[in-house]
$ cat run.txt   # compact mmCIF, N, CA, C and O atoms
# COMPACT_ATOMS: atom_id res chain seq x y z
N MET A 777 178.74 -42.59 -14.89
CA MET A 777 177.73 -42.27 -13.92
C MET A 777 177.02 -41.00 -14.37
O MET A 777 177.63 -40.01 -14.71
N LEU A 778 175.73 -41.03 -14.40
CA LEU A 778 174.94 -39.88 -14.80
C LEU A 778 174.67 -39.00 -13.60
O LEU A 778 174.53 -39.48 -12.49
N LYS A 779 174.60 -37.72 -13.85
CA LYS A 779 174.31 -36.80 -12.76
C LYS A 779 173.23 -35.84 -13.21
O LYS A 779 173.17 -35.45 -14.37
N ALA A 780 172.37 -35.45 -12.29
CA ALA A 780 171.28 -34.53 -12.60
C ALA A 780 171.87 -33.13 -12.82
O ALA A 780 172.74 -32.70 -12.08
N THR A 781 171.39 -32.45 -13.85
CA THR A 781 171.87 -31.10 -14.14
C THR A 781 170.68 -30.19 -14.36
O THR A 781 169.57 -30.63 -14.66
N SER A 782 170.91 -28.91 -14.23
CA SER A 782 169.86 -27.95 -14.52
C SER A 782 169.77 -27.75 -16.03
O SER A 782 170.67 -28.15 -16.78
N HIS A 783 168.71 -27.13 -16.50
CA HIS A 783 168.54 -26.90 -17.93
C HIS A 783 169.64 -26.01 -18.50
O HIS A 783 169.93 -26.06 -19.68
N LYS A 784 170.29 -25.20 -17.66
CA LYS A 784 171.37 -24.33 -18.13
C LYS A 784 172.62 -25.13 -18.50
O LYS A 784 173.40 -24.70 -19.33
N ASP A 785 172.81 -26.28 -17.88
CA ASP A 785 174.00 -27.08 -18.11
C ASP A 785 173.84 -28.09 -19.23
O ASP A 785 174.79 -28.78 -19.58
N LYS A 786 172.67 -28.22 -19.79
CA LYS A 786 172.42 -29.20 -20.84
C LYS A 786 172.97 -28.71 -22.17
O LYS A 786 172.97 -27.53 -22.47
N ILE A 787 173.42 -29.66 -22.97
CA ILE A 787 173.93 -29.37 -24.30
C ILE A 787 172.82 -29.68 -25.30
O ILE A 787 172.19 -30.73 -25.22
N SER A 788 172.63 -28.79 -26.26
CA SER A 788 171.55 -28.99 -27.22
C SER A 788 171.87 -30.17 -28.15
O SER A 788 173.03 -30.52 -28.37
N GLN A 789 170.82 -30.73 -28.70
CA GLN A 789 170.96 -31.85 -29.63
C GLN A 789 171.73 -31.40 -30.88
O GLN A 789 172.57 -32.13 -31.39
N THR A 790 171.49 -30.18 -31.32
CA THR A 790 172.19 -29.64 -32.49
C THR A 790 173.69 -29.58 -32.24
O THR A 790 174.50 -29.93 -33.11
N THR A 791 174.08 -29.15 -31.03
CA THR A 791 175.50 -29.08 -30.69
C THR A 791 176.13 -30.46 -30.68
O THR A 791 177.24 -30.67 -31.19
N VAL A 792 175.43 -31.44 -30.12
CA VAL A 792 175.94 -32.82 -30.09
C VAL A 792 176.13 -33.35 -31.50
O VAL A 792 177.16 -33.95 -31.82
N TYR A 793 175.16 -33.10 -32.39
CA TYR A 793 175.30 -33.54 -33.78
C TYR A 793 176.49 -32.86 -34.46
O TYR A 793 177.21 -33.49 -35.23
N GLU A 794 176.69 -31.57 -34.19
CA GLU A 794 177.82 -30.84 -34.78
C GLU A 794 179.14 -31.42 -34.29
O GLU A 794 180.08 -31.62 -35.07
N TRP A 795 179.25 -31.70 -33.00
CA TRP A 795 180.47 -32.30 -32.46
C TRP A 795 180.71 -33.67 -33.07
O TRP A 795 181.84 -34.02 -33.42
N HIS A 796 179.65 -34.48 -33.19
CA HIS A 796 179.79 -35.81 -33.78
C HIS A 796 180.32 -35.71 -35.21
O HIS A 796 181.22 -36.45 -35.62
N LYS A 797 179.76 -34.78 -35.97
CA LYS A 797 180.20 -34.57 -37.35
C LYS A 797 181.69 -34.19 -37.39
O LYS A 797 182.46 -34.73 -38.18
N ARG A 798 182.09 -33.26 -36.52
CA ARG A 798 183.49 -32.82 -36.50
C ARG A 798 184.44 -33.97 -36.15
O ARG A 798 185.47 -34.14 -36.78
N PHE A 799 184.09 -34.74 -35.12
CA PHE A 799 184.96 -35.85 -34.72
C PHE A 799 184.98 -36.95 -35.77
O PHE A 799 185.99 -37.61 -35.96
N SER A 800 183.87 -37.16 -36.47
CA SER A 800 183.83 -38.14 -37.56
C SER A 800 184.74 -37.74 -38.70
O SER A 800 185.25 -38.59 -39.43
N GLU A 801 184.93 -36.44 -38.86
CA GLU A 801 185.80 -35.91 -39.92
C GLU A 801 187.27 -35.87 -39.49
O GLU A 801 188.12 -35.38 -40.22
N GLY A 802 187.57 -36.35 -38.26
CA GLY A 802 188.96 -36.41 -37.83
C GLY A 802 189.39 -35.35 -36.84
O GLY A 802 190.57 -35.30 -36.48
N ARG A 803 188.49 -34.50 -36.41
CA ARG A 803 188.84 -33.48 -35.42
C ARG A 803 189.18 -34.12 -34.10
O ARG A 803 188.65 -35.17 -33.75
N THR A 804 190.04 -33.46 -33.35
CA THR A 804 190.40 -33.97 -32.02
C THR A 804 190.09 -32.97 -30.91
O THR A 804 190.31 -33.27 -29.75
N GLN A 805 189.59 -31.79 -31.28
CA GLN A 805 189.29 -30.75 -30.30
C GLN A 805 187.93 -30.13 -30.61
O GLN A 805 187.46 -30.18 -31.74
N LEU A 806 187.32 -29.53 -29.60
CA LEU A 806 186.03 -28.88 -29.79
C LEU A 806 186.15 -27.43 -30.23
O LEU A 806 185.20 -26.85 -30.73
N GLU A 807 187.32 -26.81 -30.03
CA GLU A 807 187.49 -25.39 -30.36
C GLU A 807 187.26 -25.16 -31.85
O GLU A 807 187.58 -25.98 -32.68
N ASP A 808 186.69 -23.98 -32.17
CA ASP A 808 186.46 -23.60 -33.56
C ASP A 808 187.78 -23.29 -34.24
O ASP A 808 188.76 -22.89 -33.60
N ASN A 809 187.80 -23.42 -35.55
CA ASN A 809 188.97 -23.04 -36.33
C ASN A 809 189.10 -21.53 -36.34
O ASN A 809 188.11 -20.80 -36.23
N GLU A 810 190.31 -21.04 -36.49
CA GLU A 810 190.52 -19.60 -36.64
C GLU A 810 189.86 -19.15 -37.93
O GLU A 810 189.80 -19.88 -38.91
N GLY A 811 189.38 -17.94 -37.91
CA GLY A 811 188.83 -17.36 -39.13
C GLY A 811 187.36 -17.66 -39.35
O GLY A 811 186.81 -17.25 -40.35
N ARG A 812 186.72 -18.39 -38.44
CA ARG A 812 185.29 -18.66 -38.60
C ARG A 812 184.52 -17.40 -38.25
O ARG A 812 184.95 -16.60 -37.45
N GLY A 813 183.38 -17.24 -38.83
CA GLY A 813 182.55 -16.09 -38.52
C GLY A 813 182.62 -15.01 -39.59
O GLY A 813 183.33 -15.12 -40.58
N ARG A 814 181.88 -13.97 -39.36
CA ARG A 814 181.80 -12.88 -40.31
C ARG A 814 183.08 -12.07 -40.32
O ARG A 814 183.62 -11.72 -39.29
N LYS A 815 183.55 -11.75 -41.50
CA LYS A 815 184.77 -10.97 -41.65
C LYS A 815 184.45 -9.48 -41.60
O LYS A 815 183.45 -9.03 -42.13
N ARG A 816 185.32 -8.74 -40.98
CA ARG A 816 185.14 -7.28 -40.94
C ARG A 816 185.61 -6.68 -42.25
O ARG A 816 186.59 -7.11 -42.84
N LYS A 817 184.92 -5.65 -42.67
CA LYS A 817 185.27 -4.96 -43.91
C LYS A 817 185.61 -3.51 -43.59
O LYS A 817 184.96 -2.58 -44.05
N MET A 818 186.61 -3.33 -42.76
CA MET A 818 187.00 -1.99 -42.36
C MET A 818 188.00 -1.46 -43.39
O MET A 818 189.08 -2.00 -43.56
N ARG A 819 187.62 -0.42 -44.06
CA ARG A 819 188.49 0.13 -45.10
C ARG A 819 189.53 1.06 -44.48
O ARG A 819 189.24 1.81 -43.55
N THR A 820 190.73 1.02 -45.02
CA THR A 820 191.79 1.90 -44.51
C THR A 820 191.47 3.36 -44.84
O THR A 820 191.85 4.25 -44.09
N SER A 821 190.76 3.60 -45.94
CA SER A 821 190.41 4.99 -46.29
C SER A 821 189.46 5.58 -45.26
O SER A 821 189.56 6.75 -44.92
N LEU A 822 188.54 4.77 -44.75
CA LEU A 822 187.62 5.25 -43.73
C LEU A 822 188.38 5.54 -42.44
O LEU A 822 188.14 6.55 -41.78
N THR A 823 189.33 4.69 -42.10
CA THR A 823 190.15 4.90 -40.91
C THR A 823 190.91 6.22 -41.01
O THR A 823 190.92 7.02 -40.07
N SER A 824 191.54 6.46 -42.15
CA SER A 824 192.30 7.70 -42.30
C SER A 824 191.37 8.92 -42.33
O SER A 824 191.72 9.98 -41.80
N SER A 825 190.18 8.77 -42.90
CA SER A 825 189.22 9.88 -42.92
C SER A 825 188.75 10.23 -41.52
O SER A 825 188.64 11.41 -41.16
N VAL A 826 188.48 9.20 -40.71
CA VAL A 826 188.05 9.44 -39.32
C VAL A 826 189.18 10.11 -38.55
O VAL A 826 188.96 11.05 -37.79
N GLU A 827 190.40 9.65 -38.76
CA GLU A 827 191.55 10.24 -38.06
C GLU A 827 191.73 11.71 -38.44
O GLU A 827 191.95 12.56 -37.58
N GLU A 828 191.62 12.02 -39.72
CA GLU A 828 191.75 13.41 -40.17
C GLU A 828 190.63 14.29 -39.61
O GLU A 828 190.88 15.43 -39.20
N ALA A 829 189.42 13.75 -39.57
CA ALA A 829 188.29 14.51 -39.03
C ALA A 829 188.49 14.81 -37.55
O ALA A 829 188.16 15.89 -37.08
N LEU A 830 189.05 13.87 -36.82
CA LEU A 830 189.32 14.09 -35.40
C LEU A 830 190.42 15.11 -35.18
O LEU A 830 190.39 15.86 -34.22
N GLN A 831 191.41 15.12 -36.05
CA GLN A 831 192.48 16.11 -35.92
C GLN A 831 191.94 17.51 -36.18
O GLN A 831 192.38 18.47 -35.56
N ALA A 832 190.98 17.61 -37.08
CA ALA A 832 190.38 18.91 -37.39
C ALA A 832 189.42 19.38 -36.30
O ALA A 832 189.33 20.57 -36.02
N ASP A 833 188.71 18.42 -35.70
CA ASP A 833 187.72 18.76 -34.66
C ASP A 833 187.80 17.72 -33.56
O ASP A 833 187.18 16.67 -33.66
N ARG A 834 188.53 18.01 -32.51
CA ARG A 834 188.72 17.07 -31.40
C ARG A 834 187.45 16.83 -30.60
O ARG A 834 187.39 15.93 -29.78
N ARG A 835 186.43 17.64 -30.80
CA ARG A 835 185.19 17.47 -30.05
C ARG A 835 184.15 16.66 -30.82
O ARG A 835 182.99 16.58 -30.41
N ALA A 836 184.55 16.09 -31.93
CA ALA A 836 183.64 15.29 -32.73
C ALA A 836 183.19 14.07 -31.93
O ALA A 836 183.96 13.50 -31.16
N THR A 837 181.95 13.68 -32.13
CA THR A 837 181.42 12.51 -31.43
C THR A 837 181.43 11.31 -32.37
O THR A 837 181.52 11.45 -33.59
N VAL A 838 181.31 10.15 -31.77
CA VAL A 838 181.26 8.92 -32.57
C VAL A 838 180.04 8.97 -33.48
O VAL A 838 180.12 8.67 -34.68
N ARG A 839 178.89 9.36 -32.93
CA ARG A 839 177.67 9.45 -33.73
C ARG A 839 177.82 10.46 -34.86
O ARG A 839 177.42 10.20 -36.00
N GLY A 840 178.42 11.61 -34.58
CA GLY A 840 178.62 12.62 -35.62
C GLY A 840 179.54 12.13 -36.73
O GLY A 840 179.28 12.37 -37.91
N LEU A 841 180.61 11.42 -36.36
CA LEU A 841 181.52 10.88 -37.36
C LEU A 841 180.83 9.80 -38.19
O LEU A 841 181.02 9.72 -39.41
N ALA A 842 180.01 8.98 -37.54
CA ALA A 842 179.29 7.93 -38.25
C ALA A 842 178.34 8.54 -39.28
O ALA A 842 178.28 8.09 -40.43
N ASP A 843 177.60 9.56 -38.87
CA ASP A 843 176.68 10.24 -39.80
C ASP A 843 177.44 10.90 -40.94
O ASP A 843 177.02 10.84 -42.09
N ARG A 844 178.55 11.52 -40.61
CA ARG A 844 179.34 12.25 -41.61
C ARG A 844 179.88 11.32 -42.70
O ARG A 844 179.89 11.67 -43.88
N PHE A 845 180.32 10.12 -42.31
CA PHE A 845 180.93 9.21 -43.27
C PHE A 845 180.01 8.09 -43.73
O PHE A 845 180.42 7.22 -44.50
N GLY A 846 178.77 8.10 -43.27
CA GLY A 846 177.82 7.08 -43.70
C GLY A 846 178.15 5.69 -43.20
O GLY A 846 177.86 4.69 -43.86
N ALA A 847 178.78 5.62 -42.04
CA ALA A 847 179.14 4.34 -41.44
C ALA A 847 178.29 4.12 -40.19
O ALA A 847 177.65 5.05 -39.69
N SER A 848 178.32 2.91 -39.68
CA SER A 848 177.56 2.65 -38.46
C SER A 848 178.34 3.15 -37.24
O SER A 848 179.56 3.33 -37.29
N TYR A 849 177.61 3.35 -36.16
CA TYR A 849 178.22 3.77 -34.89
C TYR A 849 179.29 2.75 -34.48
O TYR A 849 180.39 3.11 -34.09
N GLY A 850 178.96 1.47 -34.57
CA GLY A 850 179.88 0.40 -34.18
C GLY A 850 181.16 0.40 -34.99
O GLY A 850 182.24 0.18 -34.46
N THR A 851 181.04 0.65 -36.29
CA THR A 851 182.22 0.68 -37.16
C THR A 851 183.16 1.82 -36.76
O THR A 851 184.36 1.63 -36.63
N VAL A 852 182.60 3.00 -36.55
CA VAL A 852 183.42 4.15 -36.16
C VAL A 852 184.02 3.91 -34.78
O VAL A 852 185.21 4.20 -34.56
N TYR A 853 183.25 3.35 -33.87
CA TYR A 853 183.77 3.05 -32.53
C TYR A 853 184.94 2.07 -32.60
O TYR A 853 185.96 2.24 -31.95
N ARG A 854 184.80 1.02 -33.45
CA ARG A 854 185.89 0.05 -33.63
C ARG A 854 187.13 0.71 -34.22
O ARG A 854 188.26 0.41 -33.84
N ILE A 855 186.93 1.61 -35.18
CA ILE A 855 188.07 2.32 -35.78
C ILE A 855 188.80 3.12 -34.70
O ILE A 855 190.02 3.08 -34.60
N LEU A 856 188.03 3.83 -33.89
CA LEU A 856 188.65 4.66 -32.85
C LEU A 856 189.39 3.82 -31.81
O LEU A 856 190.49 4.16 -31.41
N THR A 857 188.78 2.73 -31.38
CA THR A 857 189.38 1.95 -30.28
C THR A 857 190.40 0.93 -30.76
O THR A 857 191.46 0.79 -30.15
N GLU A 858 190.12 0.22 -31.85
CA GLU A 858 191.01 -0.85 -32.29
C GLU A 858 192.06 -0.40 -33.29
O GLU A 858 193.20 -0.84 -33.23
N GLU A 859 191.68 0.45 -34.21
CA GLU A 859 192.62 0.88 -35.25
C GLU A 859 193.46 2.08 -34.79
O GLU A 859 194.67 2.10 -34.99
N LEU A 860 192.83 3.06 -34.19
CA LEU A 860 193.53 4.28 -33.77
C LEU A 860 193.94 4.24 -32.30
O LEU A 860 194.57 5.17 -31.81
N HIS A 861 193.56 3.17 -31.61
CA HIS A 861 193.91 2.96 -30.20
C HIS A 861 193.57 4.17 -29.34
O HIS A 861 194.36 4.62 -28.53
N MET A 862 192.38 4.69 -29.53
CA MET A 862 191.92 5.84 -28.75
C MET A 862 190.97 5.39 -27.66
O MET A 862 190.25 4.42 -27.81
N SER A 863 190.99 6.13 -26.59
CA SER A 863 190.01 5.94 -25.52
C SER A 863 189.58 7.32 -25.05
O SER A 863 190.20 8.32 -25.41
N LYS A 864 188.56 7.39 -24.27
CA LYS A 864 188.07 8.69 -23.82
C LYS A 864 189.14 9.44 -23.03
O LYS A 864 189.30 10.64 -23.18
N VAL A 865 189.90 8.72 -22.22
CA VAL A 865 190.94 9.36 -21.42
C VAL A 865 192.02 9.96 -22.32
O VAL A 865 192.41 11.10 -22.17
N LYS A 866 192.47 9.20 -23.30
CA LYS A 866 193.49 9.70 -24.23
C LYS A 866 192.95 10.90 -25.00
O LYS A 866 193.64 11.87 -25.25
N TYR A 867 191.67 10.82 -25.37
CA TYR A 867 191.03 11.89 -26.11
C TYR A 867 191.00 13.17 -25.29
O TYR A 867 191.38 14.23 -25.75
N ILE A 868 190.60 13.07 -24.03
CA ILE A 868 190.52 14.24 -23.16
C ILE A 868 191.91 14.83 -22.91
O ILE A 868 192.11 16.04 -22.97
N ILE A 869 192.89 13.97 -22.66
CA ILE A 869 194.26 14.45 -22.44
C ILE A 869 194.78 15.18 -23.68
O ILE A 869 195.41 16.23 -23.57
N SER A 870 194.51 14.64 -24.85
CA SER A 870 195.02 15.28 -26.08
C SER A 870 194.36 16.64 -26.30
O SER A 870 194.98 17.53 -26.88
N ILE A 871 193.13 16.84 -25.86
CA ILE A 871 192.48 18.14 -26.01
C ILE A 871 193.18 19.19 -25.16
O ILE A 871 193.46 20.29 -25.61
N TYR A 872 193.47 18.84 -23.93
CA TYR A 872 193.99 19.82 -22.98
C TYR A 872 195.50 20.01 -23.04
O TYR A 872 196.00 21.04 -22.61
N PHE A 873 196.23 19.04 -23.54
CA PHE A 873 197.68 19.15 -23.50
C PHE A 873 198.34 19.27 -24.85
O PHE A 873 199.56 19.28 -24.96
N ASN A 874 197.59 19.37 -25.91
CA ASN A 874 198.18 19.54 -27.26
C ASN A 874 197.86 20.90 -27.80
O ASN A 874 196.99 21.58 -27.57
$ encode --input "run.txt" --output "structure tokens"
Amino acid sequence: MLKATSHKDKISQTTVYEWHKRFSEGRTQLEDNEGRGRKRKMRTSLTSSVEEALQADRRATVRGLADRFGASYGTVYRILTEELHMSKVKYIISIYFN
């Protein structure tokens, strides 16, 4: 039974062709494979450099660290949050209690 849908609920023709191709190749699910997409190139040396710079100057900003190391704002932010597990609250607490 067909039902009327809004344009937001419609699936593009390209998506339908991609699904058809995947199922023709033997796939049984619509979910993407792990590892698809652009790979991150976060160097461990950059992570350790950012960590050392923060230990030397706890008031350093993400933008300042990015400029200092020639990295993007997003890369430095990812290093701080994902690699070093830092947040603004942890940062502020470490300033006042260390």
$ atom_distance --input "run.txt" --atom1 "atom CA of A:Gly846" --atom2 "atom CA of A:Ser863"
21.9 Å
$ atom_distance --input "run.txt" --atom1 "atom CA of A:Leu856" --atom2 "atom O of A:Thr823"
7.9 Å
$ atom_distance --input "run.txt" --atom1 "atom C of A:Gly802" --atom2 "atom CA of A:Ser788"
21.2 Å
$ residues_around --input "run.txt" --residues "stretch 851-855 of chain A" --least-positions-apart "6" --cutoff "7 Å" --atoms "only N, CA, C and O atoms" --output "ChimeraX atom specification"
/A:823,838,841-842,861-862
$ residues_around --input "run.txt" --residues "A:Arg839" --least-positions-apart "4" --cutoff "10 Å" --atoms "only C-alpha atoms" --output "short mmCIF file (atom, residue, chain, number, x, y, z; two decimals) with N, CA, C and O atoms, in the frame of the given file"
data_model
loop_
_atom_site.label_atom_id
_atom_site.label_comp_id
_atom_site.auth_asym_id
_atom_site.auth_seq_id
_atom_site.Cartn_x
_atom_site.Cartn_y
_atom_site.Cartn_z
N ASP A 843 177.60 9.56 -38.87
CA ASP A 843 176.68 10.24 -39.80
C ASP A 843 177.44 10.90 -40.94
O ASP A 843 177.02 10.84 -42.09
N ARG A 844 178.55 11.52 -40.61
CA ARG A 844 179.34 12.25 -41.61
C ARG A 844 179.88 11.32 -42.70
O ARG A 844 179.89 11.67 -43.88
N ALA A 847 178.78 5.62 -42.04
CA ALA A 847 179.14 4.34 -41.44
C ALA A 847 178.29 4.12 -40.19
O ALA A 847 177.65 5.05 -39.69
N SER A 848 178.32 2.91 -39.68
CA SER A 848 177.56 2.65 -38.46
C SER A 848 178.34 3.15 -37.24
O SER A 848 179.56 3.33 -37.29
N TYR A 849 177.61 3.35 -36.16
CA TYR A 849 178.22 3.77 -34.89
C TYR A 849 179.29 2.75 -34.48
O TYR A 849 180.39 3.11 -34.09
N GLY A 850 178.96 1.47 -34.57
CA GLY A 850 179.88 0.40 -34.18
C GLY A 850 181.16 0.40 -34.99
O GLY A 850 182.24 0.18 -34.46
N VAL A 852 182.60 3.00 -36.55
CA VAL A 852 183.42 4.15 -36.16
C VAL A 852 184.02 3.91 -34.78
O VAL A 852 185.21 4.20 -34.56
N TYR A 853 183.25 3.35 -33.87
CA TYR A 853 183.77 3.05 -32.53
C TYR A 853 184.94 2.07 -32.60
O TYR A 853 185.96 2.24 -31.95
#
$ build_atoms --input "run.txt" --residues "stretch 856-866 of chain A" --atoms "all heavy atoms" --output "mmCIF file, in the coordinates of the input"
data_model
loop_
_atom_site.group_PDB
_atom_site.id
_atom_site.type_symbol
_atom_site.label_atom_id
_atom_site.label_comp_id
_atom_site.auth_asym_id
_atom_site.auth_seq_id
_atom_site.Cartn_x
_atom_site.Cartn_y
_atom_site.Cartn_z
ATOM 1 N N LEU A 856 188.030 3.830 -33.890
ATOM 2 C CA LEU A 856 188.650 4.660 -32.850
ATOM 3 C C LEU A 856 189.390 3.820 -31.810
ATOM 4 O O LEU A 856 190.490 4.160 -31.410
ATOM 5 C CB LEU A 856 187.580 5.519 -32.158
ATOM 6 C CG LEU A 856 186.927 6.587 -33.026
ATOM 7 C CD1 LEU A 856 185.778 7.234 -32.284
ATOM 8 C CD2 LEU A 856 187.943 7.626 -33.453
ATOM 9 N N THR A 857 188.780 2.730 -31.380
ATOM 10 C CA THR A 857 189.380 1.950 -30.280
ATOM 11 C C THR A 857 190.400 0.930 -30.760
ATOM 12 O O THR A 857 191.460 0.790 -30.150
ATOM 13 C CB THR A 857 188.294 1.242 -29.463
ATOM 14 O OG1 THR A 857 187.519 0.401 -30.322
ATOM 15 C CG2 THR A 857 187.415 2.248 -28.764
ATOM 16 N N GLU A 858 190.120 0.220 -31.850
ATOM 17 C CA GLU A 858 191.010 -0.850 -32.290
ATOM 18 C C GLU A 858 192.060 -0.400 -33.290
ATOM 19 O O GLU A 858 193.200 -0.840 -33.230
ATOM 20 C CB GLU A 858 190.196 -2.004 -32.872
ATOM 21 C CG GLU A 858 189.310 -2.686 -31.843
ATOM 22 C CD GLU A 858 188.430 -3.766 -32.451
ATOM 23 O OE1 GLU A 858 188.678 -4.171 -33.605
ATOM 24 O OE2 GLU A 858 187.481 -4.196 -31.765
ATOM 25 N N GLU A 859 191.680 0.450 -34.210
ATOM 26 C CA GLU A 859 192.620 0.880 -35.250
ATOM 27 C C GLU A 859 193.460 2.080 -34.790
ATOM 28 O O GLU A 859 194.670 2.100 -34.990
ATOM 29 C CB GLU A 859 191.875 1.248 -36.534
ATOM 30 C CG GLU A 859 191.130 0.094 -37.151
ATOM 31 C CD GLU A 859 192.066 -0.980 -37.685
ATOM 32 O OE1 GLU A 859 193.089 -0.635 -38.298
ATOM 33 O OE2 GLU A 859 191.760 -2.161 -37.476
ATOM 34 N N LEU A 860 192.830 3.060 -34.190
ATOM 35 C CA LEU A 860 193.530 4.280 -33.770
ATOM 36 C C LEU A 860 193.940 4.240 -32.300
ATOM 37 O O LEU A 860 194.570 5.170 -31.810
ATOM 38 C CB LEU A 860 192.653 5.508 -34.049
ATOM 39 C CG LEU A 860 192.253 5.700 -35.513
ATOM 40 C CD1 LEU A 860 191.332 6.899 -35.665
ATOM 41 C CD2 LEU A 860 193.478 5.839 -36.400
ATOM 42 N N HIS A 861 193.560 3.170 -31.610
ATOM 43 C CA HIS A 861 193.910 2.960 -30.200
ATOM 44 C C HIS A 861 193.570 4.170 -29.340
ATOM 45 O O HIS A 861 194.360 4.620 -28.530
ATOM 46 C CB HIS A 861 195.396 2.600 -30.056
ATOM 47 C CG HIS A 861 195.779 1.450 -30.921
ATOM 48 N ND1 HIS A 861 195.371 0.165 -30.669
ATOM 49 C CD2 HIS A 861 196.505 1.389 -32.074
ATOM 50 C CE1 HIS A 861 195.849 -0.637 -31.602
ATOM 51 N NE2 HIS A 861 196.529 0.075 -32.476
ATOM 52 N N MET A 862 192.380 4.690 -29.530
ATOM 53 C CA MET A 862 191.920 5.840 -28.750
ATOM 54 C C MET A 862 190.970 5.390 -27.660
ATOM 55 O O MET A 862 190.250 4.420 -27.810
ATOM 56 C CB MET A 862 191.218 6.844 -29.641
ATOM 57 C CG MET A 862 192.108 7.505 -30.638
ATOM 58 S SD MET A 862 191.189 8.755 -31.507
ATOM 59 C CE MET A 862 192.463 9.954 -31.731
ATOM 60 N N SER A 863 190.990 6.130 -26.590
ATOM 61 C CA SER A 863 190.010 5.940 -25.520
ATOM 62 C C SER A 863 189.580 7.320 -25.050
ATOM 63 O O SER A 863 190.200 8.320 -25.410
ATOM 64 C CB SER A 863 190.603 5.147 -24.362
ATOM 65 O OG SER A 863 191.611 5.903 -23.722
ATOM 66 N N LYS A 864 188.560 7.390 -24.270
ATOM 67 C CA LYS A 864 188.070 8.690 -23.820
ATOM 68 C C LYS A 864 189.140 9.440 -23.030
ATOM 69 O O LYS A 864 189.300 10.640 -23.180
ATOM 70 C CB LYS A 864 186.818 8.504 -22.973
ATOM 71 C CG LYS A 864 186.081 9.769 -22.715
ATOM 72 C CD LYS A 864 184.747 9.478 -22.060
ATOM 73 C CE LYS A 864 183.933 10.733 -21.973
ATOM 74 N NZ LYS A 864 182.599 10.478 -21.437
ATOM 75 N N VAL A 865 189.900 8.720 -22.220
ATOM 76 C CA VAL A 865 190.940 9.360 -21.420
ATOM 77 C C VAL A 865 192.020 9.960 -22.320
ATOM 78 O O VAL A 865 192.410 11.100 -22.170
ATOM 79 C CB VAL A 865 191.561 8.352 -20.423
ATOM 80 C CG1 VAL A 865 192.737 8.971 -19.704
ATOM 81 C CG2 VAL A 865 190.512 7.878 -19.445
ATOM 82 N N LYS A 866 192.470 9.200 -23.300
ATOM 83 C CA LYS A 866 193.490 9.700 -24.230
ATOM 84 C C LYS A 866 192.950 10.900 -25.000
ATOM 85 O O LYS A 866 193.640 11.870 -25.250
ATOM 86 C CB LYS A 866 193.912 8.613 -25.207
ATOM 87 C CG LYS A 866 194.727 7.521 -24.596
ATOM 88 C CD LYS A 866 195.071 6.507 -25.658
ATOM 89 C CE LYS A 866 195.736 5.297 -25.068
ATOM 90 N NZ LYS A 866 195.985 4.262 -26.073
#
